[in-house]
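**Q** Before I ask anything, let me first share the structure, which is written out below as structure tokens.
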Amino acid sequence: MKHVSRKAVCLHFEVHQPFRLKSYRFFDLGHDHYYYDDYANESIMQRIAARCYIPANKILLDLIRKHKGKFKVAFSISGLALDQFSLYTPEVIDSFRQLAATGSVEFLAETNSHSLASLKSREEFEKQVNQHTQKMKDLLGVEPTAIRNTEMIYSDQIGAWMADMGFRVTLTEGAKHVLGWKSPNFVYCNSINPRLKVLLRNFVLSDDIAFRFSNRDWCEWPLTASKYAGWISQLASSGEVVNIFIDYETFGEHHRSESGIMDFLAHFPGAVLKSTPFVFMTPTEVADHFQPIAPVQVPSPISWADEERDLTAWLGNELQTAAFEKLYDLSERINTCAGEELKKDWVYLQSSDHFYYMCTKFFSDGAVHAYFNPYETPYDAFMNYMNILSDFELRINREAPCSEEFNIARRMKEAARDKDFLIENLQRELDQLRKKVRKPVPAKKKPVAKKAAVAKKVPAKKAAAAKKVPALKKAAVKRTAGKQVNKK
Amino acid sequence: MRVLMFGWEFPPHISGGLGTASYGLTKGMASLGNVNVIFVVPKAWGDEDQSVVKLVGANTVPVAYKTIHYAGGKKSFEKIEVDSRIIPYTDPEEFWAYTRGEIDSRKIVVSTDEKGRIEFSGKYGSGLLEEIRKYAIVASVIAHENEFDVIHAHDWLAYPAGIEAARASGKPLVIHVHATDFDRSGGNVNPDVYAIEKSGMDFASRIITVSNLTRDIVINRYNIDPDKVVTVYNAVDPVEIADNHLISRGFDEKVVTFLGRITLQKGPEYFIEAAHRVLKVMNNVRFVMAGSGDMMDRMIRRAAALRITDRFHFTGFLRGNDVFRMLAMSDVYIMPSVSEPFGISPLEAMQSNVPVIISKQSGVAEILTHAVKVDFWDIDAMADAIYGILNYPALSRMFIRNGREEVIALKWENSARQVRTVYREVLARN
């Protein structure tokens, strides 16, 4: 209860880099099974490590030491980024390890591939989250208790799965069309399973740093640490938590260090601690210290992408849906394959970025989509991806032939599953009907019994009524006894 | 006999059938022995094929035109280059790349001749008509400077040049119709282009068409006297098949190929619909649409909407050897053109031992026996033919064997001989 009056800033950084695909031609089908542009991946990773990950981690480490545990921060690092750190810049893993050792940094779970699996199947989603959790344990020695799905994709259903997996808190976008008049600056909970707390991104304050920081046409330019702390301070009267969730590459890569973003990062936590009633908390701490004020209703998935805050950045046109369906058509058969290489490619090909490159929304968010995009047009991205997917399928066919028997087996399995489902439904219906049949008997007869009791007072019908009442009572007793037996 | 020939493109800088046909015909002429050709193109690059004919490009020299005379025995014709910034042929392919990328289109090349300055600048659209006019002006100068007996102009871009050369020299003009705007536009004829075509046809002493299909269009749509119009079919250069054995396919599925510009004229959408039907009944097949064009993005979206993109591949524009690799990988070649004056590409496929399906609306259908012919709109018949060739090896073998024999008999020499006959008739009348 001592924390009730406190306010918290929750800082969360997303770290992700996809494995970019090389130009893969139709002629390569069946000949070339290596899909990645090593040069691009390595050079981009080294560039960003030098500009962002290494210097920004150092700043955070200094901040944690300087403020003696009062500064806290959270990260979610995708499995693909971790893989590329191991391959190209192992020093970045070391520096994250140092951060983890301070105890002031929380690392969140997510899907290993930074994939869209949560939109396709619960099974695949859980598998990938577990893979990622294992990777976090192996590389950083931490076990996540909070989770953030790919690009903040969230719905009531996905939240319920997260809660079932044992996570206590998740992060998503404070999307206007979901919140309406409500404020993102409180803790909410999942509407299906209230045990999962939901933190909503304050997109105004987040985007002030992520998008607008170096924009000289912005009326608030230049953004200083004290100005930003002032804005946070204004929220003290109207909220409990300020959720600032941004891409980690914001520091040094999206905004170059010449823009002053690194100095901003080094100074704004101090300004917040000094001049506002806010303290820093990690997502799990926020979940522990604040009570949810309401469930948040998100029937269809939201994300933090683009103006629409929905899925259209990845699944907005027929190219994207065709590629997406094709990819996950393979998911059942990949499970029967044992090859290490195949499994690795399966992870890398699922990365949501491949679908992002196929996006045809050129207008408001074109600049963001063009960033890091290796393709000239969405059509090029699609053709390249589909060629690679075709080769991938050829390899699966070789290992797990899609023979007649397999098809028949799959069809029979599907039929069996449908039948099971049907049986389950019918069983449930039957149970309900049985209950209905049993309940009305006492319900109908009771008023009769009462009437009968009233009738007792009427002398003329005395004898008849007296006979009926005990009989009914006996029957009722028998039934309740029967029920109890059943329950046992 | 000396011929002054005006063209628009020459291999390897070609974008379609026009360049291939012009080249094939000049080679055929060279082999006849007694015909000398001066071939003029707006822009020479210097790396044109010189194995059969000696070509000289003058585009590094900043003058309007330059003639280089070769007295040597085997160098049977000369090439005069008019420096310009034009993009050859009415080619949506290039046009698309041109408007999509940022090629420096503002650069103006100034070229001079001794009578004054001629400025060749050029954007596509309306600028193209301007280039054609300037080409014609230079043509008259060239006509003054050279000795020849007859003028031969390939396709509408070169008609004004041919007319001007004929006016300047008084020699007869023969025009060669490789396509009309009715083919290119799918019915929406550009009046400016039509006017240029019509004036060329009216002025010419003789008109050569590449098929009877085109001949009918010339007679009916341009109102030309049938006696003036002669059909001379195109042919195909023999290729060495040895290379083809080196190419192996990385997968077991059969391959059905569409190779060409992805534009309205070529009927790509009918191919996609037919592919969709075939995929409903068999899975062991992949479809390839090789090429690019203004309808490409729409075609990709259509294939994605039909959910066949795992079996339907787009390769983008193929160059050089990749074309032969593609053909060598193919089991069926399909050309569903809505309107095709001739269509050399099926002949190339047949040379590579690939059975072909062509639309009845193509000129090449008039001379081929061993090819499946369907109406371009008849998707069911197309799907049927694809399925048949893929599933009945006997049918496929028959098409390959007979098709190869048939296509070997088509020689540019024969076409050149027929053209020479046309020249002789024209000269005799003069």
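Numbering starts fresh at 1 for the residues of each chain in the structure tokens, the chains themselves are lettered A, B, ... in the order given, and ligands are numbered from 1 as they appear.
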Quick one: which residues from chain A are at most 10 Å off chain B, using only C-alpha atoms, as a compact mmCIF listing (two decimals) with C-alpha atoms, in the first residue's frame?

**A**
# COMPACT_ATOMS: atom_id res chain seq x y z
CA TYR A 24 16.71 -15.42 -55.11
CA ARG A 25 15.75 -16.19 -58.69
CA PHE A 26 13.47 -18.75 -60.23
CA PHE A 27 16.52 -20.47 -61.73
CA ASP A 28 17.91 -21.06 -58.24
CA LEU A 29 14.90 -23.18 -57.28
CA GLY A 30 16.04 -26.60 -56.16
CA HIS A 31 19.72 -25.73 -56.56
CA ASP A 32 20.45 -23.11 -53.95
CA ASN A 317 -3.16 -6.77 -49.28
CA GLU A 318 -3.62 -9.97 -51.26
CA LEU A 319 0.13 -10.45 -51.71
CA GLN A 320 0.69 -10.49 -48.00
CA THR A 321 -2.19 -12.80 -47.22
CA ALA A 322 -1.20 -15.21 -50.00
CA ALA A 323 2.38 -15.41 -48.72
CA GLU A 325 -1.24 -18.53 -45.88
CA LYS A 326 1.36 -20.36 -47.94
CA LEU A 327 3.95 -20.11 -45.19
CA GLU A 376 12.54 -1.51 -54.63
CA THR A 377 8.84 -2.38 -54.67
CA PRO A 378 6.45 -4.56 -52.66
CA TYR A 379 6.12 -6.73 -55.77
CA ASP A 380 9.85 -7.44 -55.83
CA PHE A 382 6.76 -10.74 -52.87
CA MET A 383 8.37 -12.45 -55.87
CA ASN A 384 11.62 -13.00 -54.02
CA MET A 386 7.67 -16.69 -52.89
CA ASN A 387 10.64 -18.09 -54.84
CA ILE A 388 12.41 -18.83 -51.58
CA LEU A 389 9.28 -20.31 -50.07
CA SER A 390 8.91 -22.58 -53.11
CA ASP A 391 12.45 -23.86 -52.66
CA GLU A 393 8.72 -26.37 -49.80
CA LEU A 394 10.73 -28.49 -52.23
CA ARG A 395 13.10 -29.35 -49.39

**Q** Do a neighbour search on stretch 266-271 of chain A at 10 Å with only C-alpha atoms, toss out local chain neighbours closer than 5 positions, and write the hits as a list in words.

**A**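 Within the cut-off, the hits are Val9, Leu11, Ala56, Lys58, Ile59, Leu60, Asp62, Leu63, Ile64, Lys66, His67, Lys70, Phe71, Lys72, Thr224, Ala225, Ser226, Lys227, Tyr228, Ala229, Gly230, Ile261, Thr276, Val279 and Phe280 of chain A.
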
**Q** How would the residues just picked look written out with N, CA and C atoms as a short mmCIF file (atom, residue, chain, number, x, y, z; two decimals), in the first residue's frame?

**A**
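And here is the file that came out, result-v1.cif:
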data_model
loop_
_atom_site.label_atom_id
_atom_site.label_comp_id
_atom_site.auth_asym_id
_atom_site.auth_seq_id
_atom_site.Cartn_x
_atom_site.Cartn_y
_atom_site.Cartn_z
N VAL A 9 7.20 5.62 -14.41
CA VAL A 9 7.52 5.64 -15.84
C VAL A 9 8.03 4.26 -16.20
N LEU A 11 9.82 2.31 -19.05
CA LEU A 11 10.59 2.45 -20.29
C LEU A 11 10.81 1.06 -20.88
N ALA A 56 24.54 2.95 -26.54
CA ALA A 56 23.32 3.16 -25.75
C ALA A 56 23.33 2.26 -24.51
N LYS A 58 25.89 1.34 -22.93
CA LYS A 58 26.85 1.91 -21.98
C LYS A 58 26.20 3.07 -21.21
N ILE A 59 25.44 3.88 -21.93
CA ILE A 59 24.75 5.00 -21.27
C ILE A 59 23.79 4.46 -20.20
N LEU A 60 23.03 3.41 -20.58
CA LEU A 60 22.07 2.84 -19.62
C LEU A 60 22.78 2.28 -18.39
N ASP A 62 25.65 3.21 -17.16
CA ASP A 62 26.11 4.34 -16.35
C ASP A 62 24.95 4.94 -15.55
N LEU A 63 23.78 5.05 -16.21
CA LEU A 63 22.61 5.61 -15.53
C LEU A 63 22.21 4.77 -14.33
N ILE A 64 22.21 3.43 -14.56
CA ILE A 64 21.81 2.53 -13.47
C ILE A 64 22.77 2.69 -12.29
N LYS A 66 24.70 5.29 -11.64
CA LYS A 66 24.64 6.65 -11.10
C LYS A 66 23.44 6.81 -10.16
N HIS A 67 22.28 6.28 -10.59
CA HIS A 67 21.07 6.48 -9.80
C HIS A 67 20.85 5.38 -8.79
N LYS A 70 17.60 3.39 -8.91
CA LYS A 70 16.33 4.11 -9.13
C LYS A 70 15.96 4.16 -10.61
N PHE A 71 16.92 3.95 -11.45
CA PHE A 71 16.62 3.94 -12.89
C PHE A 71 16.43 2.50 -13.34
N LYS A 72 15.32 2.26 -13.97
CA LYS A 72 15.03 0.90 -14.45
C LYS A 72 14.54 0.93 -15.89
N THR A 224 14.46 18.84 -25.10
CA THR A 224 15.48 18.69 -24.06
C THR A 224 14.97 17.77 -22.96
N ALA A 225 15.90 17.31 -22.13
CA ALA A 225 15.54 16.40 -21.04
C ALA A 225 14.57 17.07 -20.08
N SER A 226 14.81 18.33 -19.75
CA SER A 226 13.94 18.99 -18.77
C SER A 226 12.55 19.26 -19.35
N LYS A 227 12.50 19.60 -20.65
CA LYS A 227 11.19 19.82 -21.27
C LYS A 227 10.37 18.53 -21.24
N TYR A 228 11.03 17.42 -21.58
CA TYR A 228 10.34 16.13 -21.63
C TYR A 228 9.89 15.72 -20.22
N ALA A 229 10.77 15.95 -19.23
CA ALA A 229 10.40 15.64 -17.85
C ALA A 229 9.20 16.48 -17.42
N GLY A 230 9.15 17.70 -17.91
CA GLY A 230 8.02 18.58 -17.62
C GLY A 230 6.71 18.01 -18.14
N ILE A 261 20.50 12.81 -29.57
CA ILE A 261 19.62 11.82 -28.95
C ILE A 261 20.31 11.05 -27.82
N THR A 276 10.12 15.34 -10.91
CA THR A 276 8.74 14.86 -11.01
C THR A 276 8.48 13.85 -9.90
N VAL A 279 8.78 7.62 -10.55
CA VAL A 279 9.96 6.77 -10.44
C VAL A 279 9.97 5.82 -11.64
N PHE A 280 11.06 5.15 -11.87
CA PHE A 280 11.12 4.19 -12.98
C PHE A 280 10.78 2.80 -12.47
#

**Q** For atom CA of B:Leu213 and atom CA of B:Thr231, determine how far apart the two atoms are, in Å to one decimal place.

**A** 9.3 Å

**Q** Enumerate, as a ChimeraX atom specification, the complete set of residues in stretch 205-237 of chain A that a backbone-based DSSP assignment places in helix (DSSP H, G or I).

**A** /A:205-210,225-237
